[in-house]
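As provided, my_file.txt (compact mmCIF, C-alpha atoms) reads as follows.
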# COMPACT_ATOMS: atom_id res chain seq x y z
CA MET X 1 -25.53 -6.00 -28.12
CA SER X 2 -23.94 -6.20 -24.66
CA LYS X 3 -26.06 -3.39 -23.30
CA GLN X 4 -26.12 -2.85 -19.59
CA ARG X 5 -29.45 -3.18 -17.89
CA ASN X 6 -31.28 0.09 -17.41
CA PRO X 7 -31.55 0.70 -13.65
CA GLY X 8 -33.33 4.02 -14.12
CA TYR X 9 -37.03 3.33 -13.73
CA PRO X 10 -38.93 2.46 -10.56
CA LEU X 11 -40.19 -1.04 -9.91
CA ASP X 12 -43.91 -1.50 -9.28
CA LEU X 13 -44.01 -4.89 -7.60
CA ASN X 14 -47.82 -4.76 -7.52
CA LYS X 15 -48.14 -4.95 -11.31
CA LYS X 16 -50.27 -7.91 -12.34
CA LEU X 17 -49.22 -10.75 -14.63
CA ASN X 18 -51.46 -13.31 -16.35
CA ILE X 19 -49.60 -16.58 -15.91
CA ALA X 20 -50.68 -19.93 -17.31
CA TYR X 21 -48.15 -21.93 -15.30
CA ILE X 22 -44.74 -21.91 -13.68
CA ASN X 23 -42.13 -24.66 -13.50
CA VAL X 24 -40.01 -23.72 -10.49
CA CYS X 25 -36.99 -25.73 -11.65
CA THR X 26 -36.12 -27.02 -15.12
CA GLU X 27 -33.04 -27.56 -17.24
CA ALA X 28 -35.04 -27.64 -20.48
CA GLU X 29 -35.78 -23.93 -21.07
CA GLY X 30 -32.30 -22.46 -21.22
CA PRO X 31 -28.87 -22.93 -19.70
CA TYR X 32 -28.42 -24.07 -16.11
CA LYS X 33 -31.23 -24.72 -13.67
CA ARG X 34 -33.94 -22.11 -14.08
CA MET X 35 -37.53 -21.27 -13.44
CA ALA X 36 -39.81 -21.12 -16.49
CA ILE X 37 -42.93 -18.95 -16.70
CA TRP X 38 -45.54 -19.50 -19.42
CA PHE X 39 -47.79 -16.47 -19.88
CA GLN X 40 -51.39 -16.75 -21.04
CA GLY X 41 -52.45 -15.00 -24.24
CA CYS X 42 -50.87 -14.36 -27.60
CA ASN X 43 -51.56 -11.86 -30.36
CA ILE X 44 -49.07 -13.39 -32.85
CA LEU X 45 -50.77 -16.78 -33.36
CA CYS X 46 -48.03 -18.77 -35.07
CA LYS X 47 -49.28 -21.64 -37.20
CA GLU X 48 -48.43 -24.97 -35.48
CA CYS X 49 -47.55 -23.24 -32.21
CA CYS X 50 -46.12 -25.65 -29.62
CA ASN X 51 -48.40 -24.12 -26.96
CA PRO X 52 -51.74 -23.49 -28.73
CA GLU X 53 -53.62 -23.64 -25.41
CA LEU X 54 -51.77 -20.48 -24.36
CA GLN X 55 -52.82 -18.42 -27.37
CA GLU X 56 -56.32 -17.59 -26.15
CA ILE X 57 -56.45 -14.21 -24.44
CA LYS X 58 -58.21 -15.09 -21.21
CA VAL X 59 -57.59 -14.85 -17.51
CA ALA X 60 -55.50 -17.74 -16.21
CA HIS X 61 -53.76 -16.96 -12.90
CA ILE X 62 -53.37 -13.29 -12.00
CA ILE X 63 -50.25 -12.90 -9.87
CA THR X 64 -48.28 -9.81 -8.85
CA VAL X 65 -44.66 -9.24 -9.79
CA LYS X 66 -43.78 -9.50 -6.09
CA GLU X 67 -45.46 -12.90 -5.79
CA VAL X 68 -43.50 -14.22 -8.80
CA VAL X 69 -40.23 -12.81 -7.45
CA ASP X 70 -40.93 -14.50 -4.10
CA ILE X 71 -41.48 -17.83 -5.92
CA ALA X 72 -38.20 -17.32 -7.79
CA ILE X 73 -36.28 -16.48 -4.61
CA LYS X 74 -37.63 -19.65 -2.98
CA SER X 75 -36.62 -21.69 -6.04
CA LYS X 76 -33.16 -20.11 -6.00
CA THR X 77 -32.76 -21.16 -2.36
CA ASP X 78 -34.39 -24.60 -2.68
CA ASN X 79 -33.29 -25.62 -6.19
CA GLY X 80 -30.25 -23.47 -6.99
CA ILE X 81 -31.79 -21.85 -10.09
CA GLU X 82 -29.60 -19.40 -11.99
CA GLY X 83 -32.34 -17.59 -13.89
CA VAL X 84 -35.85 -17.37 -15.25
CA THR X 85 -37.18 -17.96 -18.77
CA PHE X 86 -40.27 -16.15 -20.09
CA LEU X 87 -42.38 -18.13 -22.58
CA GLY X 88 -45.93 -18.16 -23.78
CA GLY X 89 -48.27 -17.29 -25.18
CA GLU X 90 -46.57 -14.01 -25.87
CA PRO X 91 -44.73 -12.69 -22.78
CA THR X 92 -44.48 -9.14 -24.12
CA MET X 93 -48.25 -8.76 -23.81
CA GLN X 94 -47.69 -8.52 -20.05
CA GLU X 95 -47.48 -4.91 -18.94
CA GLY X 96 -45.36 -5.91 -15.95
CA LEU X 97 -42.79 -8.00 -17.84
CA ALA X 98 -39.93 -5.48 -17.75
CA CYS X 99 -40.62 -4.78 -14.09
CA LEU X 100 -40.52 -8.51 -13.36
CA SER X 101 -37.26 -8.92 -15.22
CA LYS X 102 -35.68 -5.99 -13.38
CA ALA X 103 -36.86 -7.28 -10.02
CA LEU X 104 -35.40 -10.72 -10.78
CA SER X 105 -32.06 -9.14 -11.66
CA THR X 106 -31.96 -7.39 -8.28
CA VAL X 107 -31.98 -10.82 -6.61
CA GLY X 108 -29.22 -12.10 -8.88
CA LEU X 109 -31.26 -14.05 -11.43
CA GLY X 110 -30.72 -13.91 -15.18
CA THR X 111 -33.60 -13.65 -17.64
CA ILE X 112 -34.31 -15.10 -21.06
CA LEU X 113 -37.24 -13.97 -23.21
CA PHE X 114 -38.84 -15.98 -26.01
CA THR X 115 -40.97 -13.68 -28.15
CA GLY X 116 -42.65 -13.94 -31.52
CA LYS X 117 -41.92 -10.25 -32.07
CA GLN X 118 -38.80 -8.95 -33.78
CA TYR X 119 -36.26 -7.24 -31.52
CA ASP X 120 -36.79 -3.88 -33.26
CA ASN X 121 -40.50 -4.02 -32.36
CA LEU X 122 -39.94 -4.54 -28.64
CA SER X 123 -40.26 -1.68 -26.18
CA GLU X 124 -37.04 -0.19 -24.85
CA ASP X 125 -37.88 -1.20 -21.27
CA ILE X 126 -38.08 -4.86 -22.33
CA LYS X 127 -34.96 -4.63 -24.50
CA THR X 128 -32.95 -3.29 -21.58
CA SER X 129 -34.37 -5.50 -18.82
CA VAL X 130 -33.54 -9.03 -20.03
CA ASP X 131 -30.22 -10.77 -20.61
CA LEU X 132 -31.06 -12.78 -23.73
CA ILE X 133 -33.86 -12.64 -26.31
CA VAL X 134 -34.95 -15.29 -28.77
CA ASP X 135 -37.01 -13.31 -31.27
CA GLY X 136 -39.15 -13.98 -34.30
CA LYS X 137 -42.38 -15.69 -35.17
CA PHE X 138 -42.27 -19.49 -35.32
CA GLU X 139 -42.39 -20.57 -38.97
CA ILE X 140 -43.42 -24.21 -39.47
CA ASP X 141 -41.76 -24.30 -42.92
CA LEU X 142 -38.40 -23.27 -41.42
CA ILE X 143 -37.98 -25.86 -38.63
CA ASP X 144 -34.55 -25.57 -36.98
CA ASP X 145 -33.05 -28.98 -36.13
CA GLU X 146 -29.58 -27.64 -35.35
CA ARG X 147 -30.01 -25.14 -32.48
CA ASN X 148 -31.33 -26.21 -29.10
CA LEU X 149 -34.40 -24.33 -27.85
CA ILE X 150 -35.03 -22.65 -31.21
CA GLY X 151 -38.13 -23.52 -33.21
CA SER X 152 -37.41 -22.13 -36.67
CA LYS X 153 -34.41 -20.87 -38.64
CA ASN X 154 -35.71 -17.29 -38.86
CA GLN X 155 -35.54 -16.89 -35.08
CA ARG X 156 -32.49 -15.16 -33.63
CA ILE X 157 -30.61 -15.42 -30.36
CA LEU X 158 -29.77 -11.90 -29.18
CA TYR X 159 -27.35 -11.46 -26.28
CA VAL X 160 -28.50 -8.25 -24.64
CA THR X 161 -25.97 -8.51 -21.81
CA ASP X 162 -22.88 -10.65 -21.45
CA ARG X 163 -24.45 -12.91 -18.81
CA TYR X 164 -24.96 -15.80 -21.26
Any chance you could give the structure as structure tokens?
Amino acid sequence: MSKQRNPGYPLDLNKKLNIAYINVCTEAEGPYKRMAIWFQGCNILCKECCNPELQEIKVAHIITVKEVVDIAIKSKTDNGIEGVTFLGGEPTMQEGLACLSKALSTVGLGTILFTGKQYDNLSEDIKTSVDLIVDGKFEIDLIDDERNLIGSKNQRILYVTDRY
């Protein structure tokens, strides 16, 4: 893929995100030290989801893009994070996801998206705002024991940029 990020649309740092929780520093959700954000709500509803409590579409913690970026900047300073991973729930349900990803890139952080959607069904702004996408619905009958971070064999790792 190796697309360059699309710098062409304005950032609305006041967009709201529905976040279940944030881990400001982990080494379990991608390469290097990173921040992980779990979004609340999912419209894909994979059988045997590893986060079933995040499937319900309800208000968890409403936070602006700017507030999340500020948390990430603090974690970069305090913990030396290299990037941010988006998980869920289904992150692409968040209207401000591409804006968040773009804003994080402006402060030098990489982004990884886990989505139950197929790459071809993602919006262009999301496709061009993240560095790496793990796509595809989790399939319990196709458990993947060989690749780290990947739940089932049908899921793909798509390198959108050359960052990772």
How big is the axis-aligned box around the listed atoms of stretch 70-87 of chain X once 5 Å is added on each side, and where is its centre? Give both in Å to one decimal, as AutoDock Vina command-line options.
--center_x -36.0 --center_y -20.1 --center_z -12.5 --size_x 22.8 --size_y 21.1 --size_z 30.2
Around (-41.7, -9.3, -19.6) in the file's own coordinates, what residues are found within 10 Å if you use only C-alpha atoms, given back as a JSON list (two decimals) with C-alpha atoms, keeping the file's coordinate frame?
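Writing done, so here's out_27.json:
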[["chain", "number", "residue", "atom", "x", "y", "z"],
["X", 17, "LEU", "CA", -49.22, -10.75, -14.63],
["X", 39, "PHE", "CA", -47.79, -16.47, -19.88],
["X", 85, "THR", "CA", -37.18, -17.96, -18.77],
["X", 86, "PHE", "CA", -40.27, -16.15, -20.09],
["X", 87, "LEU", "CA", -42.38, -18.13, -22.58],
["X", 90, "GLU", "CA", -46.57, -14.01, -25.87],
["X", 91, "PRO", "CA", -44.73, -12.69, -22.78],
["X", 92, "THR", "CA", -44.48, -9.14, -24.12],
["X", 93, "MET", "CA", -48.25, -8.76, -23.81],
["X", 94, "GLN", "CA", -47.69, -8.52, -20.05],
["X", 95, "GLU", "CA", -47.48, -4.91, -18.94],
["X", 96, "GLY", "CA", -45.36, -5.91, -15.95],
["X", 97, "LEU", "CA", -42.79, -8.00, -17.84],
["X", 98, "ALA", "CA", -39.93, -5.48, -17.75],
["X", 99, "CYS", "CA", -40.62, -4.78, -14.09],
["X", 100, "LEU", "CA", -40.52, -8.51, -13.36],
["X", 101, "SER", "CA", -37.26, -8.92, -15.22],
["X", 102, "LYS", "CA", -35.68, -5.99, -13.38],
["X", 111, "THR", "CA", -33.60, -13.65, -17.64],
["X", 112, "ILE", "CA", -34.31, -15.10, -21.06],
["X", 113, "LEU", "CA", -37.24, -13.97, -23.21],
["X", 114, "PHE", "CA", -38.84, -15.98, -26.01],
["X", 115, "THR", "CA", -40.97, -13.68, -28.15],
["X", 125, "ASP", "CA", -37.88, -1.20, -21.27],
["X", 126, "ILE", "CA", -38.08, -4.86, -22.33],
["X", 127, "LYS", "CA", -34.96, -4.63, -24.50],
["X", 129, "SER", "CA", -34.37, -5.50, -18.82],
["X", 130, "VAL", "CA", -33.54, -9.03, -20.03]]
Straight-line distance linking atom CA of X:Ile57 with atom CA of X:Gln40, stated in Å to one decimal: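 Taking atom CA of X:Ile57 and atom CA of X:Gln40, their separation equals 6.6 Å.
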For X:Lys117: contacts at 9 Å, all atoms listed in the file, fewer than 5 positions along chain excluded, given as an MDAnalysis selection string: chainID X and resid 44 90 92 122 135:137
Using all atoms listed in the file: which of X:Met35, X:Val134, X:Leu109, X:Leu11 has the shortest distance to X:Asn154: X:Val134
Residue nearest X:Asn23 among X:Trp38, X:Gln55, X:Gln118, X:Ala60 (counting all atoms listed in the file):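 The shortest atom-to-atom distance to X:Asn23 comes from X:Trp38.
Each of X:Ala36, X:Ala28, X:Ile140, X:Cys42 was compared to X:Lys58 using all atoms listed in the file, and X:Cys42 turns out to be the nearest.
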Atom CA of X:Leu104 to atom CA of X:Asp12, distance in Å rounded to a single decimal: 12.6 Å
Shell of 7 Å around stretch 62-69 of chain X, all atoms listed in the file, local chain residues under 3 positions omitted, as number ranges by chain: X: 13-19, 72-73, 100, 103-104
Nearby residues (only C-alpha atoms) at most 10 Å from X:Cys25, same-chain spacing under 4 positions excluded, as number ranges by chain: X: 29, 32-36, 72, 75-76, 78-84
Which residue of X:Glu56, X:Asp141, X:Tyr119, X:Leu45 approaches X:Lys153 most closely, using only C-alpha atoms: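 That would be X:Asp141, the residue with the smallest distance to X:Lys153.
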